[in-house]
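Content type compact mmCIF, C-alpha atoms and all ligand atoms, from the file target.txt:
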```
# COMPACT_ATOMS: atom_id res chain seq x y z
CA MET A 1 -1.82 11.27 69.51
CA LEU A 2 -0.64 8.70 67.01
CA ALA A 3 1.96 9.68 64.47
CA LEU A 4 2.05 7.50 61.41
CA ALA A 5 5.61 6.97 60.39
CA CYS A 6 6.03 6.91 56.69
CA SER A 7 9.16 6.00 54.81
CA VAL A 8 7.49 6.02 51.43
CA ASN A 9 9.82 6.67 48.57
CA THR A 10 9.20 9.56 46.22
CA THR A 11 7.80 7.79 43.20
CA THR A 12 4.14 8.59 43.40
CA SER A 13 3.74 9.68 39.79
CA PHE A 14 5.67 6.81 38.37
CA ASP A 15 3.77 3.97 36.79
CA PRO A 16 5.89 1.48 34.91
CA GLU A 17 2.87 -0.06 33.21
CA GLY A 18 1.41 3.23 32.10
CA GLY A 19 -2.04 2.27 33.34
CA ALA A 20 -3.83 1.82 36.60
CA GLY A 21 -1.14 1.23 39.17
CA SER A 22 -1.16 -1.86 41.24
CA GLY A 23 0.68 0.11 43.89
CA GLY A 24 1.20 -0.88 47.45
CA ALA A 25 2.52 -4.37 47.58
CA ALA A 26 6.14 -3.38 47.20
CA ALA A 27 7.54 -6.85 47.09
CA GLY A 28 10.37 -5.58 44.96
CA GLY A 29 12.76 -7.59 42.91
CA THR A 30 15.47 -8.49 45.29
CA GLY A 31 16.99 -10.90 42.85
CA GLY A 32 20.43 -9.84 41.69
CA PHE A 33 21.24 -7.86 44.83
CA PRO A 34 23.49 -9.83 47.22
CA PRO A 35 22.65 -9.57 50.93
CA GLY A 36 24.20 -6.51 52.50
CA SER A 37 24.75 -4.74 49.20
CA GLU A 38 22.62 -1.87 47.89
CA ASN A 39 19.32 -3.04 46.46
CA CYS A 40 18.54 -0.28 43.97
CA GLU A 41 14.80 -0.93 43.87
CA ASN A 42 13.66 -0.75 47.48
CA GLY A 43 13.95 2.83 48.73
CA THR A 44 16.24 1.69 51.53
CA ASP A 45 19.89 2.35 52.31
CA ASP A 46 20.80 -1.32 52.38
CA ASP A 47 24.57 -0.95 52.78
CA SER A 48 24.35 1.84 55.35
CA ASP A 49 26.46 4.35 53.50
CA GLY A 50 23.82 7.05 53.79
CA GLN A 51 22.83 6.83 50.11
CA VAL A 52 19.59 5.25 48.92
CA ASP A 53 19.13 3.47 45.57
CA CYS A 54 19.87 5.85 42.68
CA ALA A 55 21.80 8.15 45.01
CA ASP A 56 24.18 5.29 45.80
CA ASP A 57 27.27 4.80 43.61
CA ASP A 58 26.55 1.08 43.69
CA CYS A 59 23.48 1.72 41.53
CA ALA A 60 25.38 2.98 38.49
CA THR A 61 23.25 0.86 36.20
CA TYR A 62 20.19 2.70 37.49
CA ALA A 63 19.12 6.25 36.82
CA CYS A 64 16.43 8.67 37.84
CA SER A 65 13.68 8.65 35.23
CA PRO A 66 11.64 11.73 34.50
CA THR A 67 8.03 11.44 35.51
CA ILE A 68 5.96 9.69 32.85
CA PRO A 69 3.51 12.28 31.52
CA ALA A 70 -0.20 11.49 31.36
CA GLY A 71 -1.21 9.87 28.10
CA TRP A 72 2.14 8.20 27.60
CA GLU A 73 3.26 4.66 28.32
CA GLY A 74 6.63 3.78 29.68
CA PRO A 75 9.33 4.04 30.51
CA VAL A 76 10.74 1.75 27.84
CA ALA A 77 14.14 1.04 26.38
CA PHE A 78 14.08 1.75 22.67
CA TYR A 79 16.45 0.67 19.93
CA LEU A 80 16.48 2.09 16.40
CA GLY A 81 19.21 1.32 13.91
CA PRO A 82 20.14 -0.37 10.67
CA GLU A 83 21.31 -3.52 12.42
CA ALA A 84 19.11 -6.24 13.85
CA PRO A 85 17.97 -5.14 17.32
CA PRO A 86 19.69 -6.60 20.40
CA GLU A 87 17.52 -8.79 22.62
CA CYS A 88 15.66 -7.05 25.40
CA ASP A 89 17.84 -9.01 27.83
CA GLN A 90 20.69 -6.78 26.61
CA SER A 91 18.80 -3.56 27.27
CA GLY A 92 19.98 -3.05 30.84
CA GLY A 93 16.93 -4.35 32.67
CA PHE A 94 14.02 -3.70 30.33
CA THR A 95 13.57 -7.39 29.78
CA GLN A 96 9.98 -7.47 28.49
CA LYS A 97 9.74 -7.17 24.73
CA ARG A 98 6.83 -4.91 23.86
CA SER A 99 7.10 -4.74 20.07
CA ASP A 100 9.39 -4.72 17.07
CA GLY A 101 9.22 -2.57 13.98
CA GLY A 102 11.16 0.14 12.29
CA THR A 103 10.99 2.76 9.62
CA LEU A 104 9.12 1.28 6.68
CA ASP A 105 10.26 1.69 3.10
CA VAL A 106 7.52 1.16 0.52
CA SER A 107 9.02 1.22 -2.96
CA PRO A 108 7.00 2.34 -5.96
CA TYR A 109 6.15 -0.28 -8.53
CA THR A 110 4.77 -0.48 -12.01
CA CYS A 111 2.27 -2.92 -13.40
CA PRO A 112 3.05 -4.97 -16.50
CA ALA A 113 1.31 -3.68 -19.63
CA CYS A 114 -1.93 -5.37 -20.61
CA ALA A 115 -2.01 -7.00 -24.03
CA CYS A 116 -4.88 -8.39 -26.08
CA ASP A 117 -4.86 -11.35 -28.44
CA PRO A 118 -7.36 -10.93 -31.35
CA ALA A 119 -7.01 -14.56 -32.46
CA GLY A 120 -10.36 -16.16 -33.20
CA VAL A 121 -12.27 -12.87 -33.29
CA VAL A 122 -14.09 -12.06 -36.54
CA CYS A 123 -15.52 -8.82 -37.91
CA THR A 124 -17.71 -9.28 -41.01
CA PRO A 125 -19.47 -6.17 -42.36
CA THR A 126 -22.71 -6.00 -44.29
CA VAL A 127 -23.16 -3.80 -47.35
CA ILE A 128 -26.62 -3.01 -48.70
CA SER A 129 -26.91 -1.75 -52.22
CA TYR A 130 -29.98 0.35 -53.14
CA ALA A 131 -31.74 0.96 -56.41
CA ASP A 132 -31.98 4.68 -55.75
CA GLU A 133 -29.67 7.38 -54.40
CA ASN A 134 -29.42 8.16 -50.67
CA CYS A 135 -30.04 4.53 -49.77
CA SER A 136 -33.66 4.27 -50.85
CA GLY A 137 -35.58 1.92 -53.07
CA ALA A 138 -35.02 -1.81 -53.54
CA GLN A 139 -32.33 -3.30 -51.28
CA LEU A 140 -29.72 -5.98 -51.91
CA PRO A 141 -27.78 -6.89 -48.71
CA LYS A 142 -24.61 -8.97 -48.62
CA THR A 143 -22.40 -9.93 -45.67
CA GLY A 144 -18.78 -10.92 -46.08
CA VAL A 145 -15.25 -9.78 -46.73
CA GLY A 146 -13.20 -9.51 -49.90
CA CYS A 147 -14.61 -8.83 -53.35
CA VAL A 148 -18.40 -9.28 -53.11
CA GLY A 149 -20.57 -9.11 -56.20
CA PHE A 150 -23.93 -7.31 -56.21
CA ASP A 151 -25.67 -8.32 -59.40
CA SER A 152 -29.14 -6.94 -60.05
CA PRO A 153 -31.38 -6.64 -63.10
CA ASP A 154 -32.03 -3.10 -61.91
CA ASP A 155 -29.64 -0.21 -61.63
CA GLN A 156 -27.97 0.31 -58.25
CA ASN A 157 -27.22 3.89 -57.18
CA SER A 158 -26.10 3.88 -53.52
CA ILE A 159 -24.65 1.62 -50.82
CA ARG A 160 -24.79 1.59 -47.03
CA LEU A 161 -22.01 0.09 -44.88
CA GLN A 162 -23.00 -1.68 -41.65
CA PHE A 163 -20.55 -2.77 -38.97
CA ASN A 164 -21.33 -6.18 -37.45
CA GLY A 165 -19.92 -7.97 -34.48
CA PRO A 166 -17.39 -8.63 -33.33
CA ALA A 167 -17.87 -12.37 -33.14
CA GLY A 168 -15.79 -13.34 -30.12
CA ALA A 169 -13.64 -11.21 -27.84
CA CYS A 170 -9.96 -10.41 -27.62
CA SER A 171 -8.09 -12.31 -24.89
CA PRO A 172 -6.32 -10.24 -22.19
CA SER A 173 -2.85 -11.10 -20.94
CA SER A 174 -0.02 -9.48 -19.00
CA GLY A 175 3.34 -10.31 -17.54
CA PRO A 176 4.00 -11.24 -13.93
CA THR A 177 3.38 -8.58 -11.30
CA LEU A 178 6.55 -7.80 -9.37
CA ILE A 179 5.97 -5.70 -6.26
CA PRO A 180 8.94 -5.32 -3.90
CA PRO A 181 7.70 -6.10 -0.38
CA PRO A 182 7.96 -3.29 2.19
CA SER A 183 11.26 -3.31 4.07
CA TYR A 184 12.63 -1.90 7.31
CA PRO A 185 15.82 0.06 6.52
CA GLN A 186 15.88 1.03 10.22
CA GLN A 187 14.86 -1.63 12.69
CA ALA A 188 13.32 -0.89 16.06
CA ARG A 189 12.63 -2.73 19.30
CA ILE A 190 10.69 -1.57 22.33
CA CYS A 191 11.51 -3.23 25.66
CA GLY A 192 9.59 -2.68 28.88
CA LEU A 193 10.44 -3.13 32.54
CA PRO A 194 9.62 -6.47 34.11
CA THR A 195 6.10 -6.79 35.40
CA GLY A 196 5.95 -5.96 39.08
CA LEU A 197 9.19 -3.98 39.20
CA VAL A 198 8.93 -1.34 41.88
CA PRO A 199 11.06 1.71 41.18
CA GLY A 200 13.51 2.67 43.86
CA GLY A 201 14.28 5.93 45.61
CA GLY A 202 17.19 8.28 45.83
CA CYS A 203 15.69 10.56 43.22
CA SER A 204 14.05 13.88 43.98
CA GLY A 205 10.48 13.45 42.81
CA GLU A 206 11.50 10.94 40.18
CA ALA A 207 11.82 7.21 39.93
CA CYS A 208 14.98 5.12 40.20
CA ILE A 209 14.84 2.60 37.38
CA PRO A 210 17.36 0.61 35.38
CA ARG A 211 19.40 2.74 33.01
CA PRO A 212 18.96 1.54 29.39
CA ALA A 213 22.20 0.08 28.07
CA THR A 214 23.72 1.35 24.83
CA PRO A 215 22.37 1.31 22.14
CA PHE A 216 18.97 1.60 23.86
CA SER A 217 17.40 4.92 24.82
CA LEU A 218 14.94 5.75 27.59
CA CYS A 219 11.62 6.65 26.02
CA VAL A 220 7.87 6.87 26.42
CA HIS A 221 5.41 5.90 23.73
CA ARG A 222 1.81 6.15 22.60
CA PRO A 223 -0.16 4.78 19.64
CA ASP A 224 -1.11 8.16 18.19
CA ALA A 225 0.80 11.27 17.14
CA ALA A 226 1.39 13.88 19.85
CA PRO A 227 4.01 16.51 20.70
CA CYS A 228 6.79 15.15 22.85
CA PRO A 229 6.87 15.97 26.56
CA THR A 230 9.74 18.31 27.50
CA ALA A 231 11.49 15.59 29.53
CA PHE A 232 11.47 13.28 26.47
CA PRO A 233 12.20 15.66 23.57
CA VAL A 234 13.51 13.33 20.82
CA VAL A 235 10.71 12.00 18.65
CA HIS A 236 10.67 8.81 16.58
CA THR A 237 7.74 7.42 14.65
CA ILE A 238 8.06 3.75 13.90
CA VAL A 239 5.92 1.21 12.12
CA THR A 240 5.11 -1.87 14.17
CA GLY A 241 2.98 -3.59 11.55
CA PHE A 242 1.51 -3.20 8.11
CA GLN A 243 -1.05 -4.66 5.77
CA ASP A 244 -0.12 -4.77 2.10
CA THR A 245 -3.03 -4.90 -0.34
CA ARG A 246 -1.14 -3.58 -3.36
CA GLY A 247 -1.55 -5.20 -6.74
CA CYS A 248 -2.52 -4.47 -10.31
CA SER A 249 -6.05 -4.12 -11.58
CA ALA A 250 -7.30 -6.81 -13.98
CA CYS A 251 -6.64 -6.52 -17.69
CA ASN A 252 -9.62 -6.08 -19.98
CA CYS A 253 -9.95 -6.15 -23.75
CA PRO A 254 -12.97 -4.26 -25.02
CA THR A 255 -13.39 -5.59 -28.59
CA ASN A 256 -14.79 -3.70 -31.55
CA CYS A 257 -14.86 -3.78 -35.34
CA THR A 258 -14.01 -1.32 -38.04
CA ALA A 259 -14.99 -1.87 -41.66
CA THR A 260 -14.59 -0.42 -45.14
CA ALA A 261 -16.51 -0.79 -48.37
CA VAL A 262 -15.16 0.38 -51.75
CA ALA A 263 -17.44 0.01 -54.78
CA TYR A 264 -16.23 -0.63 -58.33
CA ASP A 265 -17.70 -1.60 -61.67
CA PHE A 266 -15.54 -4.69 -61.18
CA CYS A 267 -12.82 -5.54 -58.65
CA GLY A 268 -9.47 -4.35 -59.95
CA ASP A 269 -11.01 -1.48 -61.90
CA PRO A 270 -8.99 1.62 -61.01
CA GLU A 271 -12.13 3.78 -60.89
CA VAL A 272 -13.72 3.96 -57.47
CA LEU A 273 -17.46 4.50 -57.61
CA ALA A 274 -17.95 5.06 -53.88
CA SER A 275 -16.30 4.29 -50.58
CA ALA A 276 -17.47 4.15 -46.96
CA ASN A 277 -15.72 3.52 -43.64
CA GLN A 278 -18.21 4.72 -41.02
CA PRO A 279 -21.02 2.72 -39.40
CA ASN A 280 -24.25 3.10 -41.35
CA GLN A 281 -22.58 5.47 -43.80
CA CYS A 282 -24.58 5.86 -47.01
CA VAL A 283 -22.76 6.88 -50.20
CA ASN A 284 -24.07 7.37 -53.70
CA LEU A 285 -22.34 5.68 -56.60
CA SER A 286 -20.73 8.03 -59.08
CA SER A 287 -22.46 6.05 -61.87
CA SER A 288 -25.32 3.59 -61.64
CA GLN A 289 -24.45 -0.09 -62.01
CA GLN A 290 -26.30 -3.33 -62.60
CA ASN A 291 -23.24 -5.48 -61.86
CA LEU A 292 -21.53 -3.91 -58.89
CA ASP A 293 -18.47 -5.21 -57.03
CA VAL A 294 -17.70 -4.06 -53.49
CA VAL A 295 -14.39 -4.77 -51.74
CA MET A 296 -15.33 -5.22 -48.08
CA THR A 297 -12.99 -5.43 -45.08
CA GLY A 298 -13.62 -6.00 -41.39
CA THR A 299 -10.89 -5.34 -38.83
CA VAL A 300 -10.83 -6.47 -35.20
CA VAL A 301 -9.95 -3.66 -32.77
CA CYS A 302 -8.75 -4.70 -29.29
CA SER A 303 -8.41 -1.88 -26.73
CA PRO A 304 -6.33 -3.06 -23.76
CA SER A 305 -7.30 -1.50 -20.42
CA GLY A 306 -6.59 -2.10 -16.75
CA GLY A 307 -3.23 -3.14 -15.36
CA GLN A 308 -3.04 -0.10 -13.08
CA PRO A 309 -1.54 -0.03 -9.58
CA ALA A 310 -4.24 -0.65 -6.97
CA GLY A 311 -4.33 -1.09 -3.21
CA THR A 312 -2.20 0.41 -0.45
CA VAL A 313 0.10 -0.38 2.44
CA THR A 314 -1.69 0.39 5.71
CA THR A 315 0.63 0.82 8.70
CA THR A 316 0.32 0.61 12.46
CA GLU A 317 2.52 3.32 13.96
CA VAL A 318 3.88 4.14 17.39
CA THR A 319 5.16 7.53 18.50
CA LEU A 320 8.19 7.38 20.75
CA CYS A 321 9.66 10.29 22.65
CA CYS A 322 13.09 9.76 24.11
CA VAL A 323 15.44 11.41 26.56
CA THR A 324 18.21 11.39 23.96
CA CA A 401 18.22 0.28 48.37
CA CA A 402 23.35 2.80 50.25
CA CA A 403 26.68 1.95 48.51
```
If you convert what's in this file into structure tokens, what do you get?
Ligand SMILES: [Ca+2]
Ligand SMILES: [Ca+2]
Ligand SMILES: [Ca+2]
Amino acid sequence: MLALACSVNTTTSFDPEGGAGSGGAAAGGTGGFPPGSENCENGTDDDSDGQVDCADDDCATYACSPTIPAGWEGPVAFYLGPEAPPECDQSGGFTQKRSDGGTLDVSPYTCPACACDPAGVVCTPTVISYADENCSGAQLPKTGVGCVGFDSPDDQNSIRLQFNGPAGACSPSSGPTLIPPPSYPQQARICGLPTGLVPGGGCSGEACIPRPATPFSLCVHRPDAAPCPTAFPVVHTIVTGFQDTRGCSACNCPTNCTATAVAYDFCGDPEVLASANQPNQCVNLSSSQQNLDVVMTGTVVCSPSGGQPAGTVTTTEVTLCCVT
């Protein structure tokens, strides 16, 4: 009968890479442990004091890590604070930088108002005078602005106002767009254990790994939102990247005309014979005229539009759950 002697340490559920374990070849990082002293990563009582790895006082910078739950990656050393993060070399052994980030502050912004310049745009109405009432009978059309004479050998009894144009378009403009870039009021850093580190023993069912140095915390992480495992109860959600597509929509200047027509026996006469201000409005003269004057106006109307906030900040987030 052959008895297989096993001195395997108790770290079966520990996987420092959070993926398929490359278990077995326990080369172990012996660097940093002088000969004869306790190597905290090898499951052996190197200094023969009866205590292995994490159980040995000499491994004060190591600690027993809770088992990493399925679906989570880690363990990692995590920093979150208002100051710039310390380097991973200062984390107490989690020397591999995984990612940086923080809590993201996206400030609201306003877009500059859109304006329209009517320079160069012309609105010139047309008035048609008619021999009969209700815009019927012989027609006499004239296009222009100011005092326009309608002289006819026949009586004129009604006028119709037509809006034309505009000729040209109002020019849009706006001030500079000032959008404060997103900022990290709290900065974060995630540091992982060195590749190939084999956790030590001396823990009951757990793994002996470096103890994160202040101000780092021992955490696990995942890219989606999930309730924290009981062994890692303190949750943080940090942003590790973002895409900013915010801006202001383009300014537009829809351009239109208004117009008026006021008929007199002669310009300057206080008696108004008829007036119109609507497109295609037909009005009868209060008395028929052979020599009719019409004061015509055309006004450019610019209607600024656009200049509204558009786009979003899209973030990449990481959920961290920490021992403390
Ligand atoms: Ca040891
Ligand atoms: Ca020992
Ligand atoms: Ca010792």
- request: All residues within 10 Å of ligand CA 402 (chain A) are required, counting only C-alpha atoms and all ligand atoms; please report them as a list in words.
  value: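 Answer in the requested format: Gly36, Ser37, Glu38, Asn39, Cys40, Gly43, Thr44, Asp45, Asp46, Asp47, Ser48, Asp49, Gly50, Gln51, Val52, Asp53, Cys54, Ala55, Asp56, Asp57, Asp58, Cys59 and Gly202 of chain A.
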- prompt: What's the 10 Å shell around Phe216 (chain A), counting all atoms listed in the file, without same-chain residues fewer than 3 positions away, as an NGL selection string?
  reply: :A and (76-81 or 85-86 or 88 or 90-92 or 94 or 188-191 or 211-213 or 219 or 324)
Output C-alpha atoms for every residue in that selection, as a PDB file, keeping the file's coordinate frame.
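Contents of the output file result38.pdb:
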```
ATOM      1  CA  VAL A  76      10.740   1.750  27.840  1.00  0.00           C
ATOM      2  CA  ALA A  77      14.140   1.040  26.380  1.00  0.00           C
ATOM      3  CA  PHE A  78      14.080   1.750  22.670  1.00  0.00           C
ATOM      4  CA  TYR A  79      16.450   0.670  19.930  1.00  0.00           C
ATOM      5  CA  LEU A  80      16.480   2.090  16.400  1.00  0.00           C
ATOM      6  CA  GLY A  81      19.210   1.320  13.910  1.00  0.00           C
ATOM      7  CA  PRO A  85      17.970  -5.140  17.320  1.00  0.00           C
ATOM      8  CA  PRO A  86      19.690  -6.600  20.400  1.00  0.00           C
ATOM      9  CA  CYS A  88      15.660  -7.050  25.400  1.00  0.00           C
ATOM     10  CA  GLN A  90      20.690  -6.780  26.610  1.00  0.00           C
ATOM     11  CA  SER A  91      18.800  -3.560  27.270  1.00  0.00           C
ATOM     12  CA  GLY A  92      19.980  -3.050  30.840  1.00  0.00           C
ATOM     13  CA  PHE A  94      14.020  -3.700  30.330  1.00  0.00           C
ATOM     14  CA  ALA A 188      13.320  -0.890  16.060  1.00  0.00           C
ATOM     15  CA  ARG A 189      12.630  -2.730  19.300  1.00  0.00           C
ATOM     16  CA  ILE A 190      10.690  -1.570  22.330  1.00  0.00           C
ATOM     17  CA  CYS A 191      11.510  -3.230  25.660  1.00  0.00           C
ATOM     18  CA  ARG A 211      19.400   2.740  33.010  1.00  0.00           C
ATOM     19  CA  PRO A 212      18.960   1.540  29.390  1.00  0.00           C
ATOM     20  CA  ALA A 213      22.200   0.080  28.070  1.00  0.00           C
ATOM     21  CA  CYS A 219      11.620   6.650  26.020  1.00  0.00           C
ATOM     22  CA  THR A 324      18.210  11.390  23.960  1.00  0.00           C
TER      23      THR A 324
END
```
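One distance worth recording is that between CA of Pro210 (chain A) and CA of Thr103 (chain A), which is 26.6 Å.
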- request: Work out how far CA of Leu104 (chain A) is from CA of Arg246 (chain A), in Å to one decimal.
  value: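 Interatomic distance here is 15.2 Å.
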Selected residue, from A:Asp132, A:Cys208, A:Ala167, A:Ser152, that lies nearest to ligand CA 401 (chain A) when counting only C-alpha atoms and all ligand atoms: A:Cys208
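If you measure from each of A:Phe33, A:Phe242, A:Phe266, A:Tyr109 to ligand CA 403 (chain A) using only C-alpha atoms and all ligand atoms, the closest one turns out to be A:Phe33.
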query: Any idea what the distance is between CA of Val301 (chain A) and CA of Thr255 (chain A)?
result: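 A separation of 5.7 Å between them.
Closest approach to ligand CA 401 (chain A) from the set A:Gly247, A:Pro35, A:Glu83, A:Ala119 is made by A:Pro35, with distances taken over all atoms listed in the file.
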message: Considering only C-alpha atoms, can you say which of A:Ser305, A:Thr260, A:Ser286, A:Thr214 comes closest to Cys147 (chain A)?
response: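 Result for the nearest residue to Cys147 (chain A): A:Thr260.
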task: Between A:Cys203, A:Ala113, A:Pro254, A:Gly71, single out the one closest to ligand CA 401 (chain A), counting all atoms listed in the file.
output: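 Distance minimum relative to ligand CA 401 (chain A) lands on A:Cys203.
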